[in-house]
file target31.txt (compact mmCIF, C-alpha atoms)
# COMPACT_ATOMS: atom_id res chain seq x y z
CA MET R 1 19.82 -21.63 -18.69
CA ARG R 2 20.54 -18.33 -17.03
CA ILE R 3 23.13 -17.52 -19.68
CA LEU R 4 20.53 -18.19 -22.35
CA LYS R 5 18.09 -15.88 -20.58
CA ALA R 6 20.73 -13.22 -20.21
CA LEU R 7 21.35 -13.35 -23.93
CA GLY R 8 17.68 -12.81 -24.59
CA PHE R 9 16.79 -16.22 -25.89
CA HIS R 10 14.07 -16.64 -23.34
CA LYS R 11 11.68 -14.13 -21.89
CA SER R 12 10.86 -14.88 -18.29
CA THR R 13 7.36 -14.48 -16.91
CA ALA R 14 8.71 -11.84 -14.53
CA GLN R 15 9.90 -9.84 -17.52
CA THR R 16 6.45 -10.14 -19.10
CA ALA R 17 4.90 -8.98 -15.82
CA LYS R 18 7.24 -6.01 -15.69
CA ASP R 19 6.49 -4.97 -19.27
CA ARG R 20 2.75 -5.21 -18.73
CA LEU R 21 2.94 -3.23 -15.51
CA HIS R 22 5.00 -0.50 -17.16
CA ILE R 23 2.21 0.12 -19.65
CA ILE R 24 -0.73 -0.11 -17.27
CA ILE R 25 0.88 2.04 -14.59
CA ALA R 26 1.78 4.74 -17.10
CA GLN R 27 -1.82 4.76 -18.31
CA GLN R 28 -3.12 4.78 -14.74
CA ARG R 29 -0.97 7.76 -13.85
CA SER R 30 -2.08 9.77 -16.85
CA GLU R 31 -5.73 9.15 -16.01
CA GLN R 32 -5.15 10.05 -12.40
CA ASN R 33 -4.24 13.60 -13.28
CA SER R 34 -7.07 14.14 -15.70
CA PRO R 35 -10.13 16.05 -14.49
CA ASP R 36 -13.17 14.11 -13.27
CA TYR R 37 -15.38 15.42 -16.04
CA LEU R 38 -13.24 13.99 -18.83
CA PRO R 39 -14.79 10.51 -19.11
CA GLN R 40 -18.29 11.94 -19.36
CA LEU R 41 -17.21 14.70 -21.73
CA ARG R 42 -15.60 12.06 -23.90
CA GLN R 43 -18.73 9.93 -23.88
CA GLU R 44 -21.04 12.81 -24.73
CA ILE R 45 -18.84 14.03 -27.56
CA LEU R 46 -18.82 10.52 -28.98
CA ALA R 47 -22.61 10.32 -28.72
CA VAL R 48 -23.09 13.60 -30.59
CA ILE R 49 -20.71 12.57 -33.36
CA ALA R 50 -22.34 9.16 -33.63
CA LYS R 51 -25.77 10.79 -33.87
CA HIS R 52 -24.88 12.98 -36.84
CA THR R 53 -22.42 10.86 -38.77
CA LYS R 54 -21.76 7.25 -39.53
CA VAL R 55 -18.32 7.29 -38.04
CA ASP R 56 -17.00 4.19 -36.38
CA ILE R 57 -16.91 5.09 -32.68
CA ASP R 58 -13.61 3.28 -32.24
CA LYS R 59 -12.02 5.64 -34.71
CA ILE R 60 -12.68 8.71 -32.63
CA ASN R 61 -9.94 9.78 -30.34
CA VAL R 62 -10.42 12.23 -27.49
CA ASP R 63 -7.22 13.30 -25.83
CA LEU R 64 -6.50 15.78 -23.12
CA GLN R 65 -3.13 17.43 -22.97
CA THR R 66 -2.00 19.77 -20.25
CA LYS R 67 0.75 22.26 -20.83
CA ASP R 68 1.59 24.86 -18.21
CA ASN R 69 -1.78 26.25 -17.23
CA ASN R 70 -3.67 25.29 -20.35
CA SER R 71 -5.54 22.09 -21.03
CA VAL R 72 -6.26 21.19 -24.62
CA VAL R 73 -8.91 18.67 -25.58
CA GLU R 74 -7.90 17.16 -28.87
CA LEU R 75 -10.56 15.49 -30.96
CA ASN R 76 -9.59 13.18 -33.78
CA VAL R 77 -12.34 11.87 -36.05
CA ILE R 78 -11.62 9.69 -39.03
CA PHE R 79 -14.55 9.85 -41.47
CA PRO R 80 -15.22 6.84 -43.64
CA GLU R 81 -14.42 7.31 -47.31
CA ALA R 82 -17.34 8.71 -49.24
CA THR R 83 -19.00 6.08 -51.34
CA MET W 1 5.50 15.05 18.04
CA SER W 2 3.25 12.08 17.52
CA LYS W 3 2.97 10.53 14.10
CA VAL W 4 0.06 8.90 12.29
CA ILE W 5 1.11 5.93 10.16
CA VAL W 6 -1.16 4.21 7.65
CA VAL W 7 -0.50 0.66 6.48
CA THR W 8 -2.18 0.29 3.11
CA SER W 9 -2.00 -1.59 -0.18
CA GLY W 10 -5.16 -1.46 -2.26
CA LYS W 11 -5.17 -5.19 -2.79
CA GLY W 12 -6.34 -7.56 -0.08
CA GLY W 13 -4.40 -10.41 1.45
CA VAL W 14 -0.96 -8.92 0.97
CA GLY W 15 -0.14 -8.51 4.66
CA LYS W 16 -1.51 -5.18 5.86
CA THR W 17 -2.84 -6.51 9.16
CA THR W 18 0.22 -8.70 9.76
CA THR W 19 2.41 -5.66 9.12
CA SER W 20 0.30 -3.30 11.25
CA ALA W 21 0.42 -5.72 14.18
CA SER W 22 4.17 -6.24 13.85
CA ILE W 23 5.13 -2.61 13.32
CA ALA W 24 2.93 -1.41 16.19
CA THR W 25 4.40 -4.09 18.46
CA GLY W 26 7.91 -3.18 17.30
CA LEU W 27 7.41 0.53 17.99
CA ALA W 28 6.00 -0.25 21.43
CA SER W 29 8.97 -2.54 22.22
CA GLN W 30 11.25 0.35 21.37
CA GLY W 31 9.60 2.29 24.16
CA TYR W 32 7.13 4.38 22.17
CA LYS W 33 3.55 4.57 23.29
CA THR W 34 1.65 3.17 20.33
CA ALA W 35 -1.99 2.74 19.37
CA VAL W 36 -3.06 0.54 16.48
CA ILE W 37 -6.49 1.05 14.91
CA ASP W 38 -8.40 -1.43 12.75
CA PHE W 39 -10.34 0.42 10.02
CA ASP W 40 -11.85 -2.69 8.45
CA VAL W 41 -15.43 -2.17 9.58
CA GLY W 42 -17.46 -5.34 9.20
CA LEU W 43 -14.42 -7.56 8.74
CA ARG W 44 -12.25 -6.84 11.73
CA ASN W 45 -9.21 -9.07 12.11
CA LEU W 46 -6.47 -7.08 13.77
CA ASP W 47 -7.79 -8.24 17.16
CA LEU W 48 -7.26 -11.88 16.10
CA VAL W 49 -3.75 -11.27 14.80
CA MET W 50 -2.90 -9.41 18.01
CA GLY W 51 -4.50 -12.14 20.12
CA CYS W 52 -6.97 -9.89 21.95
CA GLU W 53 -10.21 -10.92 20.23
CA ARG W 54 -11.86 -12.02 23.46
CA ARG W 55 -11.19 -8.75 25.18
CA VAL W 56 -13.00 -6.51 22.69
CA VAL W 57 -15.79 -4.75 24.55
CA TYR W 58 -16.14 -1.45 22.72
CA ASP W 59 -15.02 -0.65 19.20
CA ILE W 60 -14.37 2.35 16.98
CA ALA W 61 -18.09 2.75 16.16
CA ASN W 62 -18.95 2.98 19.87
CA VAL W 63 -16.38 5.75 20.27
CA ILE W 64 -17.62 7.70 17.25
CA ASN W 65 -21.23 7.36 18.42
CA ASN W 66 -20.22 8.40 21.95
CA ASP W 67 -21.42 5.09 23.42
CA ALA W 68 -18.00 4.68 25.02
CA SER W 69 -14.98 6.83 25.72
CA LEU W 70 -11.77 6.27 23.81
CA ASN W 71 -10.07 5.03 26.99
CA GLN W 72 -12.81 2.47 27.51
CA ALA W 73 -12.46 1.19 23.95
CA LEU W 74 -8.65 0.95 23.85
CA ILE W 75 -7.53 -2.61 24.59
CA LYS W 76 -4.24 -2.86 26.44
CA ASP W 77 -1.89 -5.36 24.85
CA LYS W 78 -1.14 -8.24 27.22
CA ARG W 79 2.53 -8.38 26.24
CA ASN W 80 3.49 -4.74 26.09
CA PRO W 81 2.21 -1.94 28.37
CA ASN W 82 3.02 0.68 25.68
CA LEU W 83 0.65 -0.86 23.15
CA PHE W 84 -3.10 -0.35 22.74
CA ILE W 85 -5.54 -1.67 20.18
CA LEU W 86 -8.74 -0.05 18.92
CA ALA W 87 -10.91 -2.67 17.23
CA ALA W 88 -13.14 -2.10 14.21
CA SER W 89 -16.83 -2.71 14.65
CA GLN W 90 -18.52 -5.74 13.19
CA THR W 91 -21.62 -3.80 12.16
CA ARG W 92 -21.93 -3.73 8.42
CA ASP W 93 -22.44 0.00 8.18
CA LYS W 94 -19.26 1.61 6.93
CA ASP W 95 -20.82 5.05 7.06
CA ILE W 96 -19.99 5.34 10.75
CA LEU W 97 -16.44 6.25 9.70
CA THR W 98 -16.68 10.00 9.18
CA LYS W 99 -13.87 12.49 8.75
CA GLU W 100 -15.03 14.33 11.86
CA GLY W 101 -15.39 11.17 13.95
CA ILE W 102 -11.96 9.82 12.99
CA GLY W 103 -10.42 13.28 13.29
CA LYS W 104 -11.61 13.53 16.87
CA ILE W 105 -10.18 10.11 17.74
CA ILE W 106 -6.83 10.90 16.10
CA THR W 107 -6.58 14.29 17.88
CA GLU W 108 -7.31 12.65 21.21
CA LEU W 109 -4.84 9.82 20.60
CA LYS W 110 -2.14 12.29 19.57
CA GLN W 111 -2.16 13.79 23.05
CA GLU W 112 -1.17 10.52 24.62
CA PHE W 113 0.56 8.39 22.00
CA ASP W 114 3.82 8.69 20.07
CA TYR W 115 2.64 6.58 17.15
CA ILE W 116 -0.84 5.86 15.82
CA VAL W 117 -0.83 2.98 13.35
CA CYS W 118 -3.89 2.78 11.08
CA ASP W 119 -4.55 -0.65 9.59
CA SER W 120 -6.38 0.01 6.33
CA PRO W 121 -8.91 -2.35 4.78
CA ALA W 122 -8.42 -3.47 1.17
CA GLY W 123 -9.97 -1.45 -1.62
CA ILE W 124 -10.42 2.28 -2.00
CA GLU W 125 -13.75 2.68 -0.23
CA ARG W 126 -14.51 4.76 2.81
CA GLY W 127 -12.62 2.58 5.31
CA ALA W 128 -9.42 2.77 3.27
CA LEU W 129 -9.83 6.50 2.63
CA MET W 130 -10.44 7.22 6.31
CA ALA W 131 -7.46 5.10 7.39
CA MET W 132 -5.15 7.24 5.25
CA TYR W 133 -6.83 10.63 5.59
CA TYR W 134 -4.91 11.90 8.63
CA ALA W 135 -1.66 10.05 7.92
CA ASP W 136 1.79 11.59 8.14
CA HIS W 137 3.53 8.46 6.94
CA ALA W 138 2.43 5.52 4.77
CA PHE W 139 3.74 2.00 4.53
CA ILE W 140 2.71 0.54 1.18
CA ILE W 141 2.51 -3.25 1.30
CA THR W 142 3.15 -4.96 -2.02
CA ASN W 143 3.48 -8.57 -3.10
CA PRO W 144 5.74 -9.35 -6.07
CA GLU W 145 2.70 -9.92 -8.21
CA VAL W 146 1.11 -7.86 -11.00
CA SER W 147 -2.25 -7.08 -9.39
CA SER W 148 -0.65 -6.02 -6.13
CA VAL W 149 1.87 -3.72 -7.81
CA ARG W 150 -0.81 -2.08 -9.90
CA ASP W 151 -3.06 -1.53 -6.88
CA SER W 152 -0.18 -0.10 -4.89
CA ASP W 153 0.44 2.45 -7.60
CA ARG W 154 -3.23 3.36 -7.51
CA ILE W 155 -3.07 3.82 -3.74
CA LEU W 156 -0.02 6.06 -4.11
CA GLY W 157 -2.10 8.27 -6.39
CA ILE W 158 -4.87 8.45 -3.81
CA LEU W 159 -2.42 9.20 -0.97
CA GLY W 160 -1.23 12.13 -3.04
CA SER W 161 -4.69 13.57 -3.68
CA LYS W 162 -7.37 12.47 -1.21
CA THR W 163 -5.66 12.92 2.16
CA GLN W 164 -5.62 15.84 4.56
CA ARG W 165 -2.02 16.64 3.73
CA ALA W 166 -2.83 16.68 0.01
CA GLU W 167 -6.06 18.66 0.36
CA GLN W 168 -4.55 21.29 2.64
CA LYS W 169 -1.36 21.46 0.57
CA MET W 170 0.82 20.57 3.54
CA SER W 171 4.10 18.69 3.02
CA PRO W 172 3.17 15.36 1.44
CA ILE W 173 2.81 12.06 3.31
CA THR W 174 6.14 10.26 3.46
CA GLU W 175 5.85 6.91 1.69
CA GLN W 176 7.87 3.76 2.16
CA LEU W 177 7.48 0.42 0.45
CA ILE W 178 7.42 -2.97 2.17
CA ILE W 179 7.56 -5.97 -0.14
CA THR W 180 6.02 -9.03 1.48
CA ARG W 181 5.99 -12.73 0.57
CA PHE W 182 9.14 -12.32 -1.44
CA CYS W 183 11.03 -15.37 -2.64
CA GLU W 184 14.60 -14.69 -3.64
CA LYS W 185 15.05 -17.93 -5.57
CA ARG W 186 11.99 -17.44 -7.72
CA ALA W 187 12.96 -13.86 -8.49
CA GLN W 188 16.39 -15.00 -9.57
CA SER W 189 15.01 -17.64 -11.87
CA GLY W 190 12.74 -15.06 -13.50
CA GLU W 191 9.47 -16.44 -12.14
CA MET W 192 8.87 -13.52 -9.83
CA LEU W 193 9.21 -9.76 -10.19
CA SER W 194 12.52 -8.69 -8.68
CA ILE W 195 12.94 -6.05 -5.97
CA GLN W 196 14.48 -3.76 -8.56
CA ASP W 197 11.50 -4.23 -10.91
CA ILE W 198 9.01 -3.31 -8.18
CA THR W 199 10.90 -0.30 -6.88
CA ASP W 200 11.42 0.95 -10.44
CA LEU W 201 7.72 0.63 -11.18
CA LEU W 202 6.46 2.25 -7.99
CA GLY W 203 9.24 4.77 -7.55
CA ILE W 204 9.18 5.01 -3.76
CA GLU W 205 11.77 4.21 -1.13
CA LEU W 206 11.99 0.57 -0.04
CA ILE W 207 12.26 0.10 3.72
CA GLY W 208 12.34 -3.67 3.85
CA ILE W 209 11.49 -7.05 2.42
CA ILE W 210 9.54 -9.73 4.25
CA PRO W 211 10.47 -13.12 2.84
CA GLU W 212 7.78 -15.74 2.28
CA SER W 213 7.77 -17.49 5.63
CA LYS W 214 5.88 -20.23 7.41
CA MET W 215 6.22 -18.25 10.61
CA VAL W 216 3.68 -15.65 9.48
CA LEU W 217 0.88 -18.21 9.52
CA ASN W 218 2.19 -19.80 12.70
CA ALA W 219 2.20 -16.43 14.40
CA SER W 220 -1.31 -15.48 13.33
CA ASN W 221 -2.56 -18.92 14.37
CA ALA W 222 -1.26 -18.15 17.84
CA GLY W 223 -2.37 -14.51 17.92
CA THR W 224 1.20 -13.28 18.33
CA PRO W 225 2.59 -10.61 16.00
CA VAL W 226 5.31 -12.27 13.89
CA ILE W 227 7.84 -9.60 14.90
CA LEU W 228 7.99 -11.33 18.30
CA GLN W 229 9.32 -14.50 16.64
CA GLN W 230 12.75 -12.97 16.85
CA LYS W 231 14.58 -15.86 15.31
CA SER W 232 12.33 -16.22 12.29
CA ASP W 233 13.35 -14.56 9.03
CA ALA W 234 10.06 -12.65 8.81
CA GLY W 235 10.26 -11.52 12.43
CA GLU W 236 13.79 -10.30 11.94
CA ALA W 237 12.82 -8.46 8.76
CA TYR W 238 10.05 -6.62 10.62
CA GLN W 239 12.41 -5.70 13.45
CA LYS W 240 14.80 -4.19 10.95
CA ILE W 241 11.98 -2.23 9.32
CA VAL W 242 11.02 -0.72 12.69
CA LEU W 243 14.64 0.19 13.45
CA ARG W 244 15.13 1.74 10.01
CA PHE W 245 11.91 3.70 10.42
CA LEU W 246 13.20 5.05 13.74
CA ASN W 247 16.57 5.84 12.11
CA LYS W 248 18.26 3.39 14.45
CA LEU W 249 19.54 1.45 11.45
CA PRO W 250 20.82 2.87 8.14
CA ALA W 251 18.42 2.96 5.17
CA PHE W 252 17.74 -0.28 3.33
CA ASN W 253 20.39 -1.28 0.85
CA PRO W 254 19.24 -4.06 -1.46
CA ASN W 255 22.79 -4.74 -2.62
CA ALA W 256 24.20 -5.13 0.86
CA LYS W 257 25.61 -8.61 0.42
CA LYS W 258 28.25 -9.14 -2.20
CA LYS W 259 27.69 -11.70 -4.89
CA ASN W 260 30.20 -14.45 -5.16
CA ILE W 261 32.31 -14.53 -8.28
CA LEU W 262 30.48 -17.40 -9.93
CA LYS W 263 27.11 -15.71 -9.53
CA ARG W 264 28.52 -12.45 -10.79
CA LEU W 265 29.69 -14.17 -13.94
CA PHE W 266 26.57 -16.16 -14.62
CA SER W 267 23.78 -13.97 -13.44
CA SER W 268 22.38 -11.12 -15.45
CA GLN W 269 19.80 -10.30 -12.83
CA GLU W 270 20.27 -8.08 -9.85
CA GLU W 271 20.71 -10.14 -6.76
CA VAL W 272 18.93 -8.82 -3.79
CA VAL W 273 19.20 -10.00 -0.25
CA ALA W 274 16.64 -9.21 2.38

call {"tool": "encode", "arguments": {"input": "target31.txt", "output": "structure tokens"}}
result
Amino acid sequence: MRILKALGFHKSTAQTAKDRLHIIIAQQRSEQNSPDYLPQLRQEILAVIAKHTKVDIDKINVDLQTKDNNSVVELNVIFPEAT
Amino acid sequence: MSKVIVVTSGKGGVGKTTTSASIATGLASQGYKTAVIDFDVGLRNLDLVMGCERRVVYDIANVINNDASLNQALIKDKRNPNLFILAASQTRDKDILTKEGIGKIITELKQEFDYIVCDSPAGIERGALMAMYYADHAFIITNPEVSSVRDSDRILGILGSKTQRAEQKMSPITEQLIITRFCEKRAQSGEMLSIQDITDLLGIELIGIIPESKMVLNASNAGTPVILQQKSDAGEAYQKIVLRFLNKLPAFNPNAKKKNILKRLFSSQEEVVA
């Protein structure tokens, strides 16, 4: 059984736990270093865009990237195809 | 120089109070004058685990409100003259824990005690924040279980940002991991996160592993810190943690015992022995 697992035939629940934790902890750590105003800023930007366009809210991406001393808020909006 | 130690985890029920009681008792047995403080206002339990619940007269709220002096509120442990307990209050108002109030208690305790162990409540509310605020050292208690590991990581973030050392840009709190309720067999069969998995995820130094043990419940039933059950596996593990913390034993080495040849051939997983 253990040989089978070692060869990758079977994924243990511990492995699944580890993989899930890797993702959630990475996300948690990135949020931890973001400024407190970001969630509200994100929400308000989304509200303004939703008010003026018919964009699907899920297709708007607000990202904050910090490099050296500069923080860049990146806004990605995918407009629906004109009909 | 006296040291303030916080025992914290984020998640509840992982063994913070058990660990606080055992580590405080262990430090006192090594000859250090030690105070252990329960920060779980409204749900105090350290007194029960230490077996002094019937001797609580004044608690931390009485000291902060100047209803009693610190010396009046400190309960002397019946087993060890070096050990004192400060109980949490059972009033439901957590707002009594203020930075100033706790700061005053810690400053006063530092004059008399070598170690001040702060038993944090679960969560990240005021009680937990106050327990860690003045800490020099943190023991992070983690179970080999997803929610506990995630919460521990969260607590590490808070230790690094919301404590006095973080706010005043002093040298950071030293952090050491204690994994509790670990079951070697289940980790080997892939049912439980391994020691390596947890230390990789959290990225802090491991100081010891407490195996899942019947003695922990037995000890709390009796109101005796499990570290005093010297022949139990859990008691022994706590003793080793205290000695490692005091640099009386070398740092924890998870690969201390050699695998036998058969296991080496057939096991892909890291074998870890407590």

call {"tool": "atom_distance", "arguments": {"input": "target31.txt", "atom1": "CA of Ala21 in chain W", "atom2": "CA of Met50 in chain W"}}
result
6.3 Å

call {"tool": "interface_residues", "arguments": {"input": "target31.txt", "of": "chain W", "to": "chain R", "cutoff": "12 Å", "atoms": "all atoms listed in the file", "output": "ChimeraX atom specification"}}
result
/W:144-162,186-203,263-270

call {"tool": "closest_residue", "arguments": {"input": "target31.txt", "among": "W:Glu236, W:Glu212, W:Glu184, W:Glu108", "to": "Asn71 in chain W", "atoms": "only C-alpha atoms"}}
result
W:Glu108

call {"tool": "closest_residue", "arguments": {"input": "target31.txt", "among": "R:Leu64, R:Ile45, R:Ala50, R:Ile57", "to": "Glu31 in chain R", "atoms": "all atoms listed in the file"}}
result
R:Leu64

call {"tool": "atom_distance", "arguments": {"input": "target31.txt", "atom1": "CA of Val57 in chain W", "atom2": "CA of Ile96 in chain W"}}
result
17.6 Å

call {"tool": "residues_around", "arguments": {"input": "target31.txt", "residues": "Ala234 in chain W", "least_positions_apart": "4", "cutoff": "9 Å", "atoms": "only C-alpha atoms", "output": "PyMOL selection string"}}
result
chain W and resi 209-216+226-227+229-230+238-239

call {"tool": "closest_residue", "arguments": {"input": "target31.txt", "among": "W:Ala131, W:Val117, W:Ile75, W:Val49", "to": "Leu217 in chain W", "atoms": "all atoms listed in the file"}}
result
W:Val49

call {"tool": "residues_around", "arguments": {"input": "target31.txt", "residues": "Gln176 in chain W", "least_positions_apart": "4", "cutoff": "7 Å", "atoms": "all atoms listed in the file", "output": "short mmCIF file (atom, residue, chain, number, x, y, z; two decimals) with C-alpha atoms, keeping the file's coordinate frame"}}
result
data_model
loop_
_atom_site.label_atom_id
_atom_site.label_comp_id
_atom_site.auth_asym_id
_atom_site.auth_seq_id
_atom_site.Cartn_x
_atom_site.Cartn_y
_atom_site.Cartn_z
CA ALA W 138 2.43 5.52 4.77
CA PHE W 139 3.74 2.00 4.53
CA ILE W 140 2.71 0.54 1.18
CA ILE W 204 9.18 5.01 -3.76
CA GLU W 205 11.77 4.21 -1.13
CA LEU W 206 11.99 0.57 -0.04
CA ILE W 207 12.26 0.10 3.72
#

call {"tool": "atom_distance", "arguments": {"input": "target31.txt", "atom1": "CA of Lys67 in chain R", "atom2": "CA of Ala166 in chain W"}}
result
21.9 Å

call {"tool": "decode", "arguments": {"input": "target31.txt", "residues": "range 14-70 of chain W", "atoms": "C-alpha atoms", "output": "PDB file, in the first residue's frame"}}
result
ATOM      1  CA  VAL W  14      -5.760  22.606  20.867  1.00  0.00           C
ATOM      2  CA  GLY W  15      -4.041  22.602  24.255  1.00  0.00           C
ATOM      3  CA  LYS W  16      -3.115  26.173  25.179  1.00  0.00           C
ATOM      4  CA  THR W  17      -4.164  25.883  28.817  1.00  0.00           C
ATOM      5  CA  THR W  18      -2.698  22.384  29.196  1.00  0.00           C
ATOM      6  CA  THR W  19       0.559  23.693  27.748  1.00  0.00           C
ATOM      7  CA  SER W  20       0.572  26.889  29.835  1.00  0.00           C
ATOM      8  CA  ALA W  21       0.047  24.885  33.027  1.00  0.00           C
ATOM      9  CA  SER W  22       2.756  22.373  32.136  1.00  0.00           C
ATOM     10  CA  ILE W  23       5.344  24.852  30.920  1.00  0.00           C
ATOM     11  CA  ALA W  24       4.836  27.151  33.915  1.00  0.00           C
ATOM     12  CA  THR W  25       5.124  24.164  36.267  1.00  0.00           C
ATOM     13  CA  GLY W  26       8.211  22.949  34.400  1.00  0.00           C
ATOM     14  CA  LEU W  27       9.937  26.340  34.608  1.00  0.00           C
ATOM     15  CA  ALA W  28       9.137  26.562  38.319  1.00  0.00           C
ATOM     16  CA  SER W  29      10.518  23.041  38.917  1.00  0.00           C
ATOM     17  CA  GLN W  30      13.730  24.164  37.267  1.00  0.00           C
ATOM     18  CA  GLY W  31      14.047  26.766  39.986  1.00  0.00           C
ATOM     19  CA  TYR W  32      12.691  29.818  38.166  1.00  0.00           C
ATOM     20  CA  LYS W  33      10.128  31.985  39.845  1.00  0.00           C
ATOM     21  CA  THR W  34       7.164  31.786  37.496  1.00  0.00           C
ATOM     22  CA  ALA W  35       3.746  33.408  37.253  1.00  0.00           C
ATOM     23  CA  VAL W  36       1.059  32.088  34.950  1.00  0.00           C
ATOM     24  CA  ILE W  37      -1.825  34.361  33.937  1.00  0.00           C
ATOM     25  CA  ASP W  38      -5.187  33.286  32.527  1.00  0.00           C
ATOM     26  CA  PHE W  39      -6.402  35.828  29.927  1.00  0.00           C
ATOM     27  CA  ASP W  40      -9.638  34.022  29.117  1.00  0.00           C
ATOM     28  CA  VAL W  41     -12.029  36.460  30.753  1.00  0.00           C
ATOM     29  CA  GLY W  42     -15.460  34.934  31.201  1.00  0.00           C
ATOM     30  CA  LEU W  43     -14.265  31.394  30.556  1.00  0.00           C
ATOM     31  CA  ARG W  44     -11.441  30.883  32.992  1.00  0.00           C
ATOM     32  CA  ASN W  45     -10.065  27.356  33.158  1.00  0.00           C
ATOM     33  CA  LEU W  46      -6.399  27.543  34.012  1.00  0.00           C
ATOM     34  CA  ASP W  47      -7.330  27.402  37.710  1.00  0.00           C
ATOM     35  CA  LEU W  48      -9.071  24.048  37.127  1.00  0.00           C
ATOM     36  CA  VAL W  49      -6.182  22.576  35.160  1.00  0.00           C
ATOM     37  CA  MET W  50      -3.772  23.746  37.869  1.00  0.00           C
ATOM     38  CA  GLY W  51      -6.055  22.418  40.600  1.00  0.00           C
ATOM     39  CA  CYS W  52      -6.460  25.701  42.485  1.00  0.00           C
ATOM     40  CA  GLU W  53     -10.044  26.587  41.513  1.00  0.00           C
ATOM     41  CA  ARG W  54     -11.241  26.672  45.104  1.00  0.00           C
ATOM     42  CA  ARG W  55      -8.571  29.070  46.185  1.00  0.00           C
ATOM     43  CA  VAL W  56      -9.412  31.873  43.746  1.00  0.00           C
ATOM     44  CA  VAL W  57     -10.327  34.931  45.782  1.00  0.00           C
ATOM     45  CA  TYR W  58      -9.270  37.817  43.570  1.00  0.00           C
ATOM     46  CA  ASP W  59      -8.723  37.770  39.830  1.00  0.00           C
ATOM     47  CA  ILE W  60      -7.097  39.856  37.116  1.00  0.00           C
ATOM     48  CA  ALA W  61     -10.101  42.219  36.907  1.00  0.00           C
ATOM     49  CA  ASN W  62      -9.843  42.986  40.628  1.00  0.00           C
ATOM     50  CA  VAL W  63      -6.183  43.884  40.169  1.00  0.00           C
ATOM     51  CA  ILE W  64      -6.838  46.112  37.155  1.00  0.00           C
ATOM     52  CA  ASN W  65      -9.692  47.854  38.969  1.00  0.00           C
ATOM     53  CA  ASN W  66      -7.526  48.260  42.081  1.00  0.00           C
ATOM     54  CA  ASP W  67      -9.934  46.203  44.200  1.00  0.00           C
ATOM     55  CA  ALA W  68      -7.007  44.025  45.232  1.00  0.00           C
ATOM     56  CA  SER W  69      -3.239  44.165  45.076  1.00  0.00           C
ATOM     57  CA  LEU W  70      -1.341  41.875  42.746  1.00  0.00           C
TER      58      LEU W  70
END
